[in-house]
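Heads up, protein.txt below (compact mmCIF, C-alpha atoms):
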```
# COMPACT_ATOMS: atom_id res chain seq x y z
CA MET A 132 27.82 66.03 309.59
CA GLN A 133 31.38 67.06 308.90
CA ALA A 134 31.95 69.04 305.73
CA SER A 135 34.75 68.49 303.30
CA LEU A 136 36.17 71.96 303.83
CA LEU A 137 36.98 73.97 300.73
CA LYS A 138 40.35 75.67 300.92
CA GLU A 139 40.23 79.40 300.25
CA SER A 140 42.61 78.90 297.34
CA GLU A 141 40.20 76.53 295.61
CA THR A 142 37.75 77.76 293.03
CA ALA A 143 34.14 78.09 294.14
CA PRO A 144 31.52 76.49 291.89
CA THR A 145 29.79 78.59 289.27
CA LEU A 146 26.10 79.32 289.43
CA GLU A 147 25.68 77.27 286.26
CA SER A 148 27.26 74.22 287.89
CA LEU A 149 24.99 74.59 290.92
CA ILE A 150 21.93 74.86 288.67
CA ALA A 151 23.05 71.68 286.91
CA ALA A 152 23.39 69.96 290.30
CA VAL A 153 19.87 71.05 291.23
CA ASP A 154 18.52 69.72 287.95
CA ARG A 155 20.14 66.34 288.64
CA LEU A 156 18.54 66.29 292.07
CA GLY A 157 15.15 67.33 290.71
CA PRO A 158 13.52 63.92 290.17
CA THR A 159 14.62 62.77 293.63
CA LEU A 160 13.25 65.90 295.30
CA ARG A 161 9.97 65.59 293.41
CA ALA A 162 9.64 61.99 294.58
CA ARG A 163 10.20 63.11 298.19
CA ALA A 164 7.74 66.03 298.08
CA ALA A 165 4.80 64.02 299.44
CA GLU A 166 7.02 62.59 302.19
CA ALA A 167 8.14 66.09 303.17
CA GLU A 168 4.55 67.26 303.35
CA GLY A 169 3.47 64.24 305.39
CA GLN A 170 6.37 64.46 307.83
CA ARG A 171 6.00 68.26 308.06
CA GLN A 172 9.72 68.67 307.52
CA LEU A 173 12.22 67.86 304.81
CA PRO A 174 13.74 64.38 304.94
CA ALA A 175 17.25 64.40 306.41
CA GLU A 176 18.49 62.97 303.11
CA THR A 177 17.32 66.11 301.32
CA ILE A 178 19.30 68.39 303.63
CA ARG A 179 22.35 66.22 303.06
CA ASP A 180 21.82 66.32 299.31
CA LEU A 181 21.53 70.11 299.32
CA PHE A 182 24.81 70.47 301.18
CA ASP A 183 26.57 67.91 299.01
CA ALA A 184 25.34 69.68 295.87
CA GLY A 185 26.75 72.95 297.25
CA VAL A 186 23.37 74.67 297.33
CA LEU A 187 23.28 75.24 301.10
CA ARG A 188 26.90 76.40 301.07
CA PHE A 189 25.99 79.33 298.81
CA PHE A 190 26.34 82.07 301.46
CA ILE A 191 28.64 80.37 303.97
CA PRO A 192 31.93 82.35 304.00
CA ARG A 193 34.77 80.82 302.04
CA ARG A 194 37.08 80.85 305.02
CA PHE A 195 34.81 78.19 306.54
CA GLY A 196 34.52 76.09 303.40
CA GLY A 197 31.49 77.79 301.91
CA HIS A 198 31.15 79.33 298.48
CA GLU A 199 30.46 83.01 299.36
CA LEU A 200 28.80 83.53 295.99
CA GLU A 201 27.14 86.69 294.76
CA TRP A 202 23.70 87.58 296.03
CA GLY A 203 20.90 86.77 293.60
CA GLY A 204 22.12 83.43 292.28
CA HIS A 205 20.34 81.73 295.16
CA LEU A 206 17.04 83.00 293.75
CA ALA A 207 17.74 81.17 290.50
CA LEU A 208 18.43 78.00 292.49
CA GLY A 209 15.30 78.45 294.59
CA ARG A 210 13.22 78.95 291.47
CA ARG A 211 14.58 75.76 289.94
CA LEU A 212 14.07 73.75 293.14
CA ALA A 213 10.44 74.91 293.41
CA HIS A 214 9.68 73.17 290.13
CA HIS A 215 10.05 69.95 292.13
CA CYS A 216 9.31 70.85 295.78
CA ALA A 217 8.47 74.32 297.06
CA SER A 218 9.40 73.45 300.64
CA THR A 219 12.87 72.37 299.53
CA ALA A 220 13.19 75.64 297.60
CA TRP A 221 12.20 77.62 300.70
CA ILE A 222 14.76 75.92 302.92
CA SER A 223 17.46 76.43 300.31
CA CYS A 224 16.68 80.00 299.32
CA VAL A 225 15.27 81.55 302.50
CA VAL A 226 16.79 79.54 305.35
CA GLY A 227 20.06 79.06 303.48
CA SER A 228 20.40 82.83 303.21
CA HIS A 229 20.51 83.13 307.01
CA ALA A 230 24.21 82.38 306.67
CA THR A 231 24.58 85.99 305.52
CA TYR A 232 23.31 87.15 308.92
CA VAL A 233 25.87 85.05 310.78
CA GLY A 234 28.55 86.17 308.33
CA ARG A 235 27.87 89.77 309.41
CA MET A 236 28.26 88.98 313.14
CA ASP A 237 31.32 88.98 315.39
CA PRO A 238 34.00 86.61 313.97
CA ARG A 239 33.89 84.65 317.24
CA ALA A 240 30.20 83.90 316.67
CA GLN A 241 31.02 82.71 313.15
CA GLN A 242 33.71 80.44 314.57
CA ASP A 243 31.22 78.97 317.03
CA VAL A 244 28.80 78.13 314.22
CA TRP A 245 31.12 76.93 311.45
CA GLY A 246 34.49 76.35 313.11
CA SER A 247 34.28 72.57 313.29
CA ASP A 248 31.65 71.87 310.62
CA SER A 249 30.58 74.23 307.87
CA ASP A 250 27.52 72.19 306.86
CA ILE A 251 25.34 73.92 309.43
CA LEU A 252 21.85 75.27 308.86
CA VAL A 253 20.83 78.38 310.84
CA ALA A 254 17.12 78.88 311.55
CA THR A 255 15.34 82.09 312.52
CA GLY A 256 11.93 82.78 314.04
CA SER A 257 9.62 85.56 312.89
CA VAL A 258 7.08 85.70 315.74
CA SER A 259 7.99 85.79 319.44
CA ARG A 260 5.95 85.41 322.63
CA ASN A 261 6.64 85.57 326.36
CA VAL A 262 10.23 86.65 325.81
CA SER A 263 12.45 87.90 328.63
CA VAL A 264 16.00 89.16 328.13
CA GLU A 265 18.08 90.01 331.20
CA ALA A 266 21.54 91.53 330.94
CA VAL A 267 24.06 89.64 333.10
CA GLU A 268 27.83 89.63 333.35
CA GLY A 269 29.30 88.75 329.98
CA GLY A 270 26.01 88.52 328.13
CA PHE A 271 22.29 87.85 328.55
CA ARG A 272 19.89 85.35 330.12
CA ILE A 273 17.01 84.66 327.77
CA SER A 274 13.72 82.77 327.80
CA GLY A 275 10.89 82.77 325.29
CA ARG A 276 9.12 81.20 322.37
CA TRP A 277 9.70 81.93 318.68
CA SER A 278 7.39 80.61 315.97
CA PHE A 279 7.69 80.04 312.21
CA CYS A 280 11.24 78.71 312.52
CA SER A 281 11.60 77.11 309.09
CA GLY A 282 13.97 74.15 308.97
CA ILE A 283 14.39 74.11 312.75
CA ASP A 284 14.52 70.29 312.92
CA HIS A 285 17.70 70.35 310.83
CA ALA A 286 19.25 73.51 312.28
CA GLY A 287 22.45 73.41 314.31
CA TRP A 288 21.87 76.99 315.48
CA ALA A 289 18.97 79.44 315.80
CA LEU A 290 19.17 83.21 315.37
CA LEU A 291 16.29 84.68 317.38
CA ARG A 292 15.29 88.30 317.87
CA ALA A 293 14.19 90.13 321.02
CA SER A 294 14.65 93.41 322.91
CA PRO A 295 16.79 93.43 326.07
CA THR A 296 15.13 94.79 329.21
CA GLY A 297 15.36 98.57 329.21
CA ASP A 298 16.49 98.67 325.58
CA GLN A 299 13.93 99.14 322.81
CA ARG A 300 16.31 98.00 320.08
CA GLN A 301 15.56 94.65 318.49
CA THR A 302 18.63 92.42 318.85
CA TYR A 303 19.57 89.08 317.35
CA PHE A 304 20.71 86.34 319.75
CA LEU A 305 22.48 83.23 318.47
CA PHE A 306 21.67 79.92 320.19
CA PRO A 307 23.28 76.47 319.69
CA ARG A 308 20.96 73.50 319.27
CA SER A 309 21.50 72.48 322.90
CA ASP A 310 19.92 75.75 324.10
CA PHE A 311 16.48 75.41 322.52
CA ARG A 312 13.79 72.77 322.21
CA ILE A 313 11.27 72.34 319.42
CA ASP A 314 7.51 72.45 319.81
CA ASP A 315 5.94 70.30 317.07
CA ASP A 316 3.18 72.78 316.25
CA TRP A 317 3.46 73.11 312.45
CA PHE A 318 0.07 71.98 311.07
CA VAL A 319 -0.70 73.95 307.92
CA SER A 320 -2.36 73.76 304.53
CA GLY A 321 0.68 74.86 302.51
CA MET A 322 4.46 74.67 302.82
CA SER A 323 4.14 71.87 305.35
CA GLY A 324 7.54 70.48 304.36
CA THR A 325 9.35 73.57 305.65
CA GLY A 326 8.83 72.30 309.21
CA SER A 327 8.41 75.86 310.48
CA LYS A 328 7.84 74.86 314.10
CA SER A 329 8.42 76.86 317.27
CA ALA A 330 11.68 77.10 319.20
CA ILE A 331 11.51 77.42 322.98
CA VAL A 332 14.40 78.79 325.05
CA ASP A 333 14.50 78.32 328.83
CA ASN A 334 16.92 80.58 330.71
CA ALA A 335 19.79 80.20 328.25
CA PHE A 336 22.96 82.27 328.50
CA VAL A 337 24.13 84.05 325.34
CA PRO A 338 27.55 85.76 325.44
CA THR A 339 27.63 89.33 324.18
CA TYR A 340 29.68 88.46 321.12
CA ARG A 341 26.86 86.18 319.92
CA THR A 342 24.42 89.09 319.84
CA LEU A 343 23.95 91.94 317.38
CA PRO A 344 21.35 94.74 317.32
CA LEU A 345 19.16 94.57 314.21
CA GLY A 346 20.19 98.06 313.17
CA THR A 347 23.89 97.18 313.32
CA LEU A 348 23.38 93.92 311.45
CA MET A 349 21.57 95.74 308.63
CA ALA A 350 23.90 98.74 308.48
CA PRO A 351 27.08 99.00 306.36
CA GLU A 352 30.30 97.58 307.83
CA PRO A 353 28.93 95.24 310.51
CA PRO A 354 31.46 93.30 312.62
CA GLY A 355 31.65 90.35 310.22
CA GLY A 356 32.54 92.63 307.33
CA ALA A 357 36.06 92.89 308.74
CA VAL A 358 36.79 89.24 307.93
CA ASN A 359 34.45 88.39 305.05
CA PRO A 360 35.19 90.40 301.88
CA GLY A 361 31.96 89.77 299.95
CA TYR A 362 29.67 92.80 299.70
CA ILE A 363 26.76 90.81 301.11
CA TYR A 364 28.62 90.80 304.46
CA LYS A 365 29.71 94.46 304.30
CA TYR A 366 27.12 96.49 302.40
CA ASN A 367 23.86 97.95 303.73
CA PHE A 368 21.75 94.77 304.04
CA ARG A 369 18.25 96.26 304.05
CA PRO A 370 17.90 96.41 300.25
CA PHE A 371 18.42 92.64 300.05
CA SER A 372 16.01 91.75 302.84
CA GLY A 373 12.64 90.44 301.65
CA ALA A 374 13.61 89.50 298.10
CA ASN A 375 14.72 85.94 299.00
CA LEU A 376 11.10 84.81 298.63
CA LEU A 377 10.88 85.51 294.92
CA GLY A 378 12.84 82.49 293.68
CA PRO A 379 10.57 79.91 295.36
CA ILE A 380 7.41 81.89 294.55
CA ILE A 381 8.14 82.24 290.85
CA GLY A 382 9.28 78.62 290.63
CA GLY A 383 6.13 77.55 292.46
CA ALA A 384 3.94 79.42 289.96
CA GLU A 385 5.87 77.85 287.09
CA ALA A 386 5.18 74.45 288.66
CA VAL A 387 1.42 75.16 288.61
CA VAL A 388 1.60 76.25 284.96
CA ALA A 389 3.60 73.13 284.04
CA ALA A 390 1.12 70.87 285.86
CA TYR A 391 -1.76 72.55 284.04
CA ARG A 392 -0.04 72.01 280.70
CA ASP A 393 0.44 68.34 281.60
CA LEU A 394 -3.30 68.01 282.26
CA LEU A 395 -4.04 69.46 278.83
CA GLU A 396 -1.52 67.20 277.14
CA ALA A 397 -3.04 64.18 278.89
CA GLY A 398 -6.50 65.04 277.59
CA THR A 399 -8.01 65.38 281.07
CA PRO A 400 -11.85 65.35 280.84
CA GLY A 401 -13.22 68.88 280.73
CA GLN A 402 -9.85 70.33 279.74
CA SER A 403 -8.90 70.71 276.09
CA LYS A 404 -5.88 72.47 274.67
CA ASP A 405 -8.04 73.26 271.63
CA ASP A 406 -10.56 75.23 273.68
CA VAL A 407 -10.18 78.98 273.07
CA GLN A 408 -10.92 80.00 276.67
CA THR A 409 -8.39 77.50 277.95
CA GLN A 410 -5.80 78.90 275.56
CA LEU A 411 -6.50 82.46 276.70
CA ARG A 412 -6.26 81.50 280.38
CA LEU A 413 -2.97 79.72 279.86
CA ALA A 414 -1.51 82.53 277.75
CA GLU A 415 -2.40 85.17 280.35
CA SER A 416 -1.01 83.10 283.21
CA GLU A 417 2.23 82.35 281.39
CA ALA A 418 2.61 86.06 280.57
CA GLU A 419 2.11 87.00 284.22
CA VAL A 420 4.70 84.52 285.46
CA GLY A 421 7.08 85.67 282.74
CA ALA A 422 6.58 89.27 283.82
CA ALA A 423 7.26 88.31 287.44
CA LEU A 424 10.50 86.67 286.36
CA CYS A 425 11.52 89.84 284.49
CA LEU A 426 10.85 91.89 287.62
CA MET A 427 13.00 89.52 289.69
CA ASP A 428 15.84 89.56 287.18
CA SER A 429 15.75 93.35 287.04
CA LEU A 430 15.74 93.62 290.84
CA VAL A 431 18.69 91.21 291.10
CA ALA A 432 20.72 93.10 288.48
CA ARG A 433 20.14 96.44 290.18
CA LEU A 434 20.95 95.15 293.66
CA GLN A 435 24.12 93.48 292.42
CA ASP A 436 25.22 96.75 290.81
CA TYR A 437 24.63 98.71 294.02
CA GLY A 438 26.40 96.06 296.09
CA ARG A 439 29.46 95.74 293.86
CA ASN A 440 29.91 99.49 293.75
CA ASN A 441 29.03 100.12 297.40
CA ILE A 442 26.41 102.69 296.46
CA ASP A 443 23.50 103.46 298.73
CA VAL A 444 20.14 102.79 297.07
CA PRO A 445 18.31 106.07 296.33
CA HIS A 446 14.99 106.47 298.10
CA PRO A 447 12.80 106.28 294.96
CA GLU A 448 14.45 103.03 293.96
CA ARG A 449 13.98 101.59 297.43
CA ILE A 450 10.26 102.18 296.97
CA GLY A 451 10.47 100.46 293.60
CA PHE A 452 12.22 97.42 295.06
CA VAL A 453 9.44 96.75 297.58
CA ARG A 454 6.73 97.48 294.99
CA ASP A 455 8.28 95.22 292.35
CA ARG A 456 8.90 92.21 294.58
CA THR A 457 5.37 92.45 296.01
CA PHE A 458 3.79 92.85 292.57
CA ALA A 459 5.83 89.91 291.21
CA ALA A 460 4.41 87.68 293.96
CA ARG A 461 0.89 88.93 293.23
CA LEU A 462 1.30 88.15 289.54
CA CYS A 463 2.38 84.61 290.37
CA PHE A 464 -0.57 83.89 292.59
CA ASN A 465 -3.05 85.41 290.15
CA ALA A 466 -1.60 83.30 287.34
CA ALA A 467 -1.90 80.09 289.34
CA GLU A 468 -5.35 80.86 290.73
CA ARG A 469 -6.75 81.50 287.26
CA LEU A 470 -5.70 78.04 286.11
CA VAL A 471 -6.64 76.11 289.24
CA THR A 472 -10.12 77.62 289.51
CA SER A 473 -10.85 76.57 285.92
CA LEU A 474 -10.44 72.88 286.81
CA ASP A 475 -13.25 70.52 287.80
CA GLN A 476 -14.05 69.31 291.31
CA SER A 477 -11.30 66.69 291.26
CA VAL A 478 -8.80 69.48 292.00
CA VAL A 479 -9.81 69.27 295.69
CA LEU A 480 -8.40 65.73 295.94
CA SER A 481 -5.11 65.64 297.78
CA GLU A 482 -3.52 63.42 295.13
CA HIS A 483 -4.36 65.86 292.32
CA PRO A 484 -1.08 66.79 290.60
CA ILE A 485 -1.68 70.54 290.90
CA GLN A 486 -2.92 70.52 294.48
CA ARG A 487 0.30 70.75 296.50
CA CYS A 488 1.84 73.26 294.09
CA PHE A 489 -1.07 75.66 294.55
CA ARG A 490 -1.36 75.25 298.31
CA ASP A 491 2.37 75.83 298.71
CA LEU A 492 2.22 78.94 296.56
CA GLY A 493 -0.65 80.26 298.67
CA GLY A 494 1.43 79.68 301.79
CA MET A 495 4.44 81.54 300.42
CA ILE A 496 2.64 84.72 299.41
CA GLN A 497 1.38 85.17 302.99
CA GLN A 498 4.92 86.00 304.08
CA ILE A 499 5.28 89.61 305.19
CA GLY A 500 8.03 90.41 302.69
CA VAL A 501 5.55 90.11 299.81
CA ASN A 502 2.27 90.80 301.62
CA TRP A 503 0.20 92.93 299.26
CA ASP A 504 -1.83 95.08 301.69
CA ARG A 505 1.02 95.79 304.08
CA ASN A 506 3.67 96.52 301.49
CA MET A 507 1.68 98.44 298.91
CA THR A 508 0.12 100.82 301.44
CA ASP A 509 3.62 101.54 302.76
CA VAL A 510 4.91 101.99 299.21
CA ILE A 511 2.38 104.77 298.63
CA LYS A 512 3.02 106.33 302.05
CA ALA A 513 6.74 106.42 301.28
CA SER A 514 6.11 107.98 297.87
CA PHE A 515 4.45 110.90 299.69
CA GLY A 516 7.32 111.17 302.18
CA ARG A 517 5.41 109.67 305.10
CA GLN A 518 6.81 107.27 307.68
CA THR A 519 6.07 103.58 307.10
CA ASN A 520 6.30 100.27 308.92
CA ILE A 521 9.20 99.26 306.65
CA PRO A 522 12.39 100.99 307.86
CA PHE A 523 13.99 100.53 304.45
CA LEU A 524 11.37 102.88 302.95
CA ASN A 525 11.76 105.68 305.48
CA THR A 526 13.87 108.69 304.59
CA GLN A 527 15.04 109.21 308.18
```
In structure tokens, how does this file's structure come out?
Amino acid sequence: MQASLLKESETAPTLESLIAAVDRLGPTLRARAAEAEGQRQLPAETIRDLFDAGVLRFFIPRRFGGHELEWGGHLALGRRLAHHCASTAWISCVVGSHATYVGRMDPRAQQDVWGSDSDILVATGSVSRNVSVEAVEGGFRISGRWSFCSGIDHAGWALLRASPTGDQRQTYFLFPRSDFRIDDDWFVSGMSGTGSKSAIVDNAFVPTYRTLPLGTLMAPEPPGGAVNPGYIYKYNFRPFSGANLLGPIIGGAEAVVAAYRDLLEAGTPGQSKDDVQTQLRLAESEAEVGAALCLMDSLVARLQDYGRNNIDVPHPERIGFVRDRTFAARLCFNAAERLVTSLDQSVVLSEHPIQRCFRDLGGMIQQIGVNWDRNMTDVIKASFGRQTNIPFLNTQ
């Protein structure tokens, strides 16, 4: 799909105009939600709509026709999209943000991805197995399997991580669609529409310029920062990693609350908006989701300030970032669970209006970036100056 390339002299859309575009798409995306879940991937029409609306161009560099907008606005878009379809929100907010990774890589790698068509989705994989990486002249020979590759059916490229033989550093390798095949193994209870299947690579060659060690990609002034002026391509990237989940999660919780309100308005048997306990449940859940939104907005404002001013995030605030995003996700799930568990047995029916919203929310909060046990134990370790499993929290 060939993009209508935006000239660098043209004005990028505002966040408000993108939100308006998402709102216009909303009824269509809601109508496709069941199809996305059944097909275990988003319909191709949805991907096209997201590019045409400018949503998936959010982080593509302007020199390739993207919008190169400020970090954080994509969370507002993801939140809005999740009111209609959480899987669509995930692809937009999480997978769409992978463009920032490519934008930090060697300019030649960026040219390979976006040179002839800027409407390209880049997938990543979070779990690898049976991976071999052999250094050869001019690059690497790689084989392996990577799972949880959200949006892989619609991806033109995949950015997959492994350690070269004899080198303990985790390194990203960028593969065109012709160099990987897809294993249709995504059978899940929630977030089915993300199509997070496995990518399999068989003895593919990756030139050196299409690789980047994880540490270099995350550090200030990576190779792509020389050609892309936005701070998201130049600044220390670790503070921003992990927070992309909050938009879809908060929007997903708001979708559960809205569906619950609709049940009350409809006079569903066993549910009365005049019942005191129902009122208390709803009030507490709405307060929790509102608090989660405040935490996200605060996190976004602080990260934008650090990015604009090229200031390294102090260690205590790094701890706060991980704590706040994890707690916000916990608040959202607690709010939704309280409402869903108060419903009668009909809530187990697949056609129940609150069912998919709750299952999708449950799927999202399993992601490691907001995992309660893993993150909160490391938050406390870091507060006592101990080493953690989250490099961003370590002082050394």
Legend entry - Long-range neighbours of region 324-329 of chain A as a PyMOL selection string, 8 Å cut-off, all atoms listed in the file, 4 positions minimum in chain: chain A and resi 164+167-173+218-219+221-222+256+276-284+313-317
Legend entry - Residue contacts of region 292-307 of chain A (6 Å, all atoms listed in the file) excluding same-chain residues fewer than 4 positions away, as a list in words: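 Non-adjacent residues within range: Val264, Glu265, Trp288, Arg341, Thr342, Leu343, Pro344 and Leu345 of chain A.
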Inset, instruction - May I ask which of the residues A:Gly373, A:Gly270, A:Gly234, A:Gly398 is the closest one to Val253 (chain A), counting all atoms listed in the file? - result: A:Gly234
Inset, instruction - Compare A:Ala240, A:Ala513, A:Cys488, A:Val431 by their minimum atom-to-atom distance to Leu206 (chain A), counting all atoms listed in the file, and give me the closest one. - result: A:Val431
Legend entry - d(CA of Arg272 (chain A), CA of Phe336 (chain A)) in Å: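 We find that CA of Arg272 (chain A) and CA of Phe336 (chain A) lie 4.6 Å from each other.
In this structure, CA of Gly438 (chain A) sits 12.8 Å away from CA of Leu200 (chain A).
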Inset, instruction - Find the residues around Ala418 (chain A) up to 12 Å (only C-alpha atoms counted), leave out those fewer than 6 positions away in its own chain, and share them as a ChimeraX atom specification. - result: /A:384-385,388,411-412,424-425,459,462-463,465-467
Legend entry - 12 Å contact set for Thr457 (chain A), only C-alpha atoms, chain neighbours under 4 positions out, as a ChimeraX atom specification: /A:373-377,380-381,423,426-427,430,450-453,461-464,495-510
Legend entry - Near-Met236 (chain A) list (6 Å; only C-alpha atoms; drop same-chain fewer than 2 positions) as number ranges by chain: A: 233-234, 354-355
Would you output that residue set with C-alpha atoms, as a CSV table (one decimal), in the frame of the given file?
```csv
chain,number,residue,atom,x,y,z
A,233,VAL,CA,25.9,85.0,310.8
A,234,GLY,CA,28.6,86.2,308.3
A,354,PRO,CA,31.5,93.3,312.6
A,355,GLY,CA,31.6,90.4,310.2
```
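Considering only C-alpha atoms, the residue among A:Glu415, A:Asp393, A:Glu147, A:Asp443 positioned nearest to Asn367 (chain A) is A:Asp443.
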Inset, instruction - Would you please work out which residue, of A:Pro353, A:Pro158, A:Pro445, A:Ser477, is nearest to Asn525 (chain A) when using only C-alpha atoms? - result: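 Distance minimum relative to Asn525 (chain A) lands on A:Pro445.
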Legend entry - Pairwise distance for CA of Gly203 (chain A) and CA of Arg179 (chain A), rounded to one decimal in Å: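 Going from CA of Gly203 (chain A) over to CA of Arg179 (chain A), I get 22.7 Å.
Using all atoms listed in the file, the smallest distance between any of A:Glu482, A:His285, A:Tyr340, A:Gly383 and Ala220 (chain A) comes from A:Gly383.
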Legend entry - For Arg454 (chain A), the nearest of the candidates A:Ser403, A:Thr339, A:Glu468, A:Ser514, counting all atoms listed in the file: A:Ser514
Mind dumping region 459-483 of chain A from that block, keeping N, CA and C atoms, as an mmCIF file, in the first residue's frame?
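Heads up, here's the output in part26.cif:
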```cif
data_model
loop_
_atom_site.group_PDB
_atom_site.id
_atom_site.type_symbol
_atom_site.label_atom_id
_atom_site.label_comp_id
_atom_site.auth_asym_id
_atom_site.auth_seq_id
_atom_site.Cartn_x
_atom_site.Cartn_y
_atom_site.Cartn_z
ATOM 1 N N ALA A 459 -1.507 2.079 37.975
ATOM 2 C CA ALA A 459 -2.623 2.515 37.123
ATOM 3 C C ALA A 459 -3.293 1.312 36.468
ATOM 4 N N ALA A 460 -2.492 0.370 35.979
ATOM 5 C CA ALA A 460 -3.057 -0.834 35.368
ATOM 6 C C ALA A 460 -3.824 -1.659 36.388
ATOM 7 N N ARG A 461 -3.277 -1.763 37.596
ATOM 8 C CA ARG A 461 -3.949 -2.513 38.666
ATOM 9 C C ARG A 461 -5.296 -1.878 39.012
ATOM 10 N N LEU A 462 -5.325 -0.564 39.105
ATOM 11 C CA LEU A 462 -6.578 0.131 39.385
ATOM 12 C C LEU A 462 -7.633 -0.186 38.332
ATOM 13 N N CYS A 463 -7.204 -0.203 37.082
ATOM 14 C CA CYS A 463 -8.148 -0.455 35.987
ATOM 15 C C CYS A 463 -8.740 -1.849 36.067
ATOM 16 N N PHE A 464 -7.888 -2.829 36.325
ATOM 17 C CA PHE A 464 -8.417 -4.195 36.405
ATOM 18 C C PHE A 464 -9.324 -4.362 37.621
ATOM 19 N N ASN A 465 -8.918 -3.817 38.756
ATOM 20 C CA ASN A 465 -9.761 -3.908 39.949
ATOM 21 C C ASN A 465 -11.134 -3.283 39.712
ATOM 22 N N ALA A 466 -11.136 -2.137 39.039
ATOM 23 C CA ALA A 466 -12.400 -1.439 38.767
ATOM 24 C C ALA A 466 -13.314 -2.296 37.901
ATOM 25 N N ALA A 467 -12.745 -2.909 36.865
ATOM 26 C CA ALA A 467 -13.551 -3.721 35.961
ATOM 27 C C ALA A 467 -14.016 -5.008 36.638
ATOM 28 N N GLU A 468 -13.119 -5.636 37.376
ATOM 29 C CA GLU A 468 -13.465 -6.903 38.030
ATOM 30 C C GLU A 468 -14.605 -6.714 39.029
ATOM 31 N N ARG A 469 -14.581 -5.620 39.763
ATOM 32 C CA ARG A 469 -15.644 -5.356 40.737
ATOM 33 C C ARG A 469 -17.007 -5.329 40.063
ATOM 34 N N LEU A 470 -17.090 -4.710 38.900
ATOM 35 C CA LEU A 470 -18.371 -4.596 38.208
ATOM 36 C C LEU A 470 -18.785 -5.917 37.577
ATOM 37 N N VAL A 471 -17.846 -6.582 36.928
ATOM 38 C CA VAL A 471 -18.182 -7.813 36.212
ATOM 39 C C VAL A 471 -18.615 -8.914 37.183
ATOM 40 N N THR A 472 -17.923 -9.023 38.315
ATOM 41 C CA THR A 472 -18.269 -10.094 39.260
ATOM 42 C C THR A 472 -19.579 -9.827 39.988
ATOM 43 N N SER A 473 -20.142 -8.639 39.838
ATOM 44 C CA SER A 473 -21.450 -8.368 40.448
ATOM 45 C C SER A 473 -22.612 -8.770 39.539
ATOM 46 N N LEU A 474 -22.306 -9.144 38.300
ATOM 47 C CA LEU A 474 -23.350 -9.496 37.339
ATOM 48 C C LEU A 474 -23.805 -10.939 37.532
ATOM 49 N N ASP A 475 -24.947 -11.282 36.922
ATOM 50 C CA ASP A 475 -25.463 -12.645 37.059
ATOM 51 C C ASP A 475 -24.744 -13.580 36.085
ATOM 52 N N GLN A 476 -25.188 -14.840 36.061
ATOM 53 C CA GLN A 476 -24.485 -15.872 35.305
ATOM 54 C C GLN A 476 -24.455 -15.628 33.803
ATOM 55 N N SER A 477 -25.308 -14.749 33.309
ATOM 56 C CA SER A 477 -25.322 -14.497 31.865
ATOM 57 C C SER A 477 -24.031 -13.839 31.383
ATOM 58 N N VAL A 478 -23.218 -13.332 32.321
ATOM 59 C CA VAL A 478 -21.976 -12.663 31.923
ATOM 60 C C VAL A 478 -20.997 -13.644 31.282
ATOM 61 N N VAL A 479 -21.192 -14.960 31.501
ATOM 62 C CA VAL A 479 -20.273 -15.935 30.897
ATOM 63 C C VAL A 479 -20.573 -16.160 29.421
ATOM 64 N N LEU A 480 -21.723 -15.700 28.932
ATOM 65 C CA LEU A 480 -22.074 -15.899 27.529
ATOM 66 C C LEU A 480 -21.204 -15.021 26.641
ATOM 67 N N SER A 481 -20.728 -15.611 25.566
ATOM 68 C CA SER A 481 -19.787 -14.893 24.705
ATOM 69 C C SER A 481 -20.394 -13.645 24.090
ATOM 70 N N GLU A 482 -21.722 -13.626 23.910
ATOM 71 C CA GLU A 482 -22.356 -12.458 23.303
ATOM 72 C C GLU A 482 -22.689 -11.364 24.323
ATOM 73 N N HIS A 483 -22.379 -11.597 25.601
ATOM 74 C CA HIS A 483 -22.659 -10.582 26.610
ATOM 75 C C HIS A 483 -21.862 -9.314 26.286
#
```
